[in-house]
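Some notes on the structure that comes next.
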Amino acid sequence: MTLQRLCLTLIGLALLFGILLVPVRAQDAIAHAVLFYSPTCPHCHVVLTEVLPPLQTRYADRLQILTIDVSTPDGLALYETAMKVFQVPAHRQGVPALFFGQTHLVGSVEIPRYLPTLVEDTLAAGGNG
C-alpha cells in the first residue's frame, strides 16, 4: 500500500468514525456523513441529485457529506475498508452506501427515508463530530 493510499484510508476511517479533535458547541453542531457512490449507478445519481441537494440547502454548513467515488482505486479501497470495519453483510453491500456515525444506509429508498431524521436528531443532540 502506498503512503498516499494509507493516508487516504486513515482519513476516510477518521471521517467514518466521526473523529474530530475540535470540541463542538451546541450552536456549532455539525452532522457528518460519508457517501460511497459510482458515477455509473442510477440509484447513486438519484441520491446525489435529488436527495442530498435539498438537505444541503436546508442545513448548509451544518451538514457535511464526504462523497467518495468507488470507481477510483482509492475510493474502492476506502469502500472495501468501510465494509470490513463496519462488518456490513454481503447482502447490504453496494452503492449508494451512506455511513452516518455508526448507521449504514444503502440504496435510493433507504437513504432518503432515514437520512433527514438522522440529520435532524444528530444536530439536536449536538452533532456527530
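Going through the C-alpha cells in order, the chains are called A, B, and so on, while each chain numbers its residues from 1 and the ligands are numbered from 1 in the order shown.
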Worksheet item: If we count only C-alpha atoms, what is near region 58-75 of chain A at a cut-off of 7 Å, once residues fewer than 4 positions away on the same chain are taken out, given as a count of residues only?
Response: 13
Fill in: DSSP-assigned alpha helix (DSSP H) members of region 93-128 of chain A, reported as a list of chain:residue names
A:Gly107, A:Ser108, A:Val109, A:Glu110, A:Ile111, A:Pro112, A:Arg113, A:Tyr114, A:Leu115, A:Pro116, A:Thr117, A:Leu118, A:Val119, A:Glu120, A:Asp121, A:Thr122, A:Leu123, A:Ala124
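Of the residues listed (A:Val47, A:Ala124, A:Met83, A:Cys41), A:Val47 shows the shortest atom-to-atom separation from Pro112 (chain A); distances use only C-alpha atoms.
Proximity of A:Ala90, A:Val46, A:Val109, A:Thr103 to Thr122 (chain A), computed with only C-alpha atoms, is greatest for A:Thr103.
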Discussion item. Nearest residue to Arg92 (chain A) out of A:Gly107, A:Tyr114, A:Leu48, A:Gly129, using only C-alpha atoms?
Written reply: A:Gly107
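Counting from CA of Ser108 (chain A), the distance to CA of Pro96 (chain A) is 7.1 Å.
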Discussion item. Among region 10-127 of chain A, which ones does DSSP assign to strand (DSSP E) (computed from the backbone)? Answer as a ChimeraX atom specification.
Written reply: /A:31-37,63-69,97-100,103-106
Dump N, CA and C atoms for the selected residues as an mmCIF file, in the first residue's frame?
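Listed below is the output, again-v1.cif:
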data_model
loop_
_atom_site.group_PDB
_atom_site.id
_atom_site.type_symbol
_atom_site.label_atom_id
_atom_site.label_comp_id
_atom_site.auth_asym_id
_atom_site.auth_seq_id
_atom_site.Cartn_x
_atom_site.Cartn_y
_atom_site.Cartn_z
ATOM 1 N N ALA A 31 -23.443 17.731 11.424
ATOM 2 C CA ALA A 31 -23.713 16.329 11.115
ATOM 3 C C ALA A 31 -22.781 15.919 9.981
ATOM 4 N N HIS A 32 -21.994 14.872 10.218
ATOM 5 C CA HIS A 32 -21.046 14.379 9.223
ATOM 6 C C HIS A 32 -21.519 13.037 8.683
ATOM 7 N N ALA A 33 -21.311 12.827 7.404
ATOM 8 C CA ALA A 33 -21.628 11.544 6.781
ATOM 9 C C ALA A 33 -20.636 11.289 5.657
ATOM 10 N N VAL A 34 -20.542 10.027 5.268
ATOM 11 C CA VAL A 34 -19.712 9.630 4.136
ATOM 12 C C VAL A 34 -20.604 8.857 3.177
ATOM 13 N N LEU A 35 -20.610 9.275 1.917
ATOM 14 C CA LEU A 35 -21.410 8.614 0.890
ATOM 15 C C LEU A 35 -20.484 8.005 -0.154
ATOM 16 N N PHE A 36 -20.593 6.693 -0.325
ATOM 17 C CA PHE A 36 -19.880 5.997 -1.389
ATOM 18 C C PHE A 36 -20.828 5.887 -2.576
ATOM 19 N N TYR A 37 -20.324 6.213 -3.760
ATOM 20 C CA TYR A 37 -21.165 6.194 -4.954
ATOM 21 C C TYR A 37 -20.340 5.781 -6.169
ATOM 22 N N LEU A 63 -24.388 20.405 7.680
ATOM 23 C CA LEU A 63 -24.390 19.045 7.145
ATOM 24 C C LEU A 63 -23.204 18.910 6.202
ATOM 25 N N GLN A 64 -22.281 18.049 6.559
ATOM 26 C CA GLN A 64 -21.092 17.837 5.736
ATOM 27 C C GLN A 64 -21.048 16.377 5.307
ATOM 28 N N ILE A 65 -21.150 16.172 3.998
ATOM 29 C CA ILE A 65 -21.144 14.821 3.452
ATOM 30 C C ILE A 65 -19.943 14.679 2.534
ATOM 31 N N LEU A 66 -19.068 13.775 2.902
ATOM 32 C CA LEU A 66 -17.915 13.459 2.075
ATOM 33 C C LEU A 66 -18.367 12.422 1.055
ATOM 34 N N THR A 67 -18.231 12.727 -0.228
ATOM 35 C CA THR A 67 -18.604 11.774 -1.267
ATOM 36 C C THR A 67 -17.340 11.104 -1.795
ATOM 37 N N ILE A 68 -17.408 9.787 -1.929
ATOM 38 C CA ILE A 68 -16.259 9.005 -2.369
ATOM 39 C C ILE A 68 -16.673 8.152 -3.561
ATOM 40 N N ASP A 69 -15.976 8.345 -4.660
ATOM 41 C CA ASP A 69 -16.237 7.642 -5.916
ATOM 42 C C ASP A 69 -15.556 6.272 -5.882
ATOM 43 N N ALA A 97 -23.964 3.908 -0.736
ATOM 44 C CA ALA A 97 -23.846 3.489 0.658
ATOM 45 C C ALA A 97 -23.470 4.709 1.483
ATOM 46 N N LEU A 98 -24.240 4.971 2.512
ATOM 47 C CA LEU A 98 -24.009 6.146 3.340
ATOM 48 C C LEU A 98 -23.734 5.704 4.765
ATOM 49 N N PHE A 99 -22.653 6.221 5.332
ATOM 50 C CA PHE A 99 -22.325 5.968 6.730
ATOM 51 C C PHE A 99 -22.528 7.264 7.492
ATOM 52 N N PHE A 100 -23.332 7.170 8.532
ATOM 53 C CA PHE A 100 -23.679 8.323 9.357
ATOM 54 C C PHE A 100 -23.443 7.886 10.792
ATOM 55 N N THR A 103 -24.376 4.309 11.777
ATOM 56 C CA THR A 103 -25.504 3.875 10.951
ATOM 57 C C THR A 103 -25.078 3.730 9.497
ATOM 58 N N HIS A 104 -25.462 2.623 8.897
ATOM 59 C CA HIS A 104 -25.173 2.349 7.482
ATOM 60 C C HIS A 104 -26.499 2.295 6.737
ATOM 61 N N LEU A 105 -26.642 3.156 5.737
ATOM 62 C CA LEU A 105 -27.828 3.160 4.877
ATOM 63 C C LEU A 105 -27.380 2.813 3.471
ATOM 64 N N VAL A 106 -28.225 2.085 2.754
ATOM 65 C CA VAL A 106 -27.861 1.704 1.392
ATOM 66 C C VAL A 106 -29.067 1.848 0.473
#
Worksheet item: When you draw a straight line from CA of Gly94 (chain A) to CA of Leu78 (chain A), how long is it in Å?
Response: 13.2 Å
Item to complete: Have a look at A:Thr117, A:Asn128, A:Thr57, A:Thr81 and name the one nearest to Gln102 (chain A); count only C-alpha atoms.
Response: A:Asn128
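Of the residues under consideration (A:Val95, A:Ala82, A:Ala77, A:Val88), A:Val95 shows the shortest atom-to-atom contact distance to Ile111 (chain A) when counting only C-alpha atoms.
Straight-line separation from CA of Thr49 (chain A) to CA of Lys84 (chain A): 28.1 Å.
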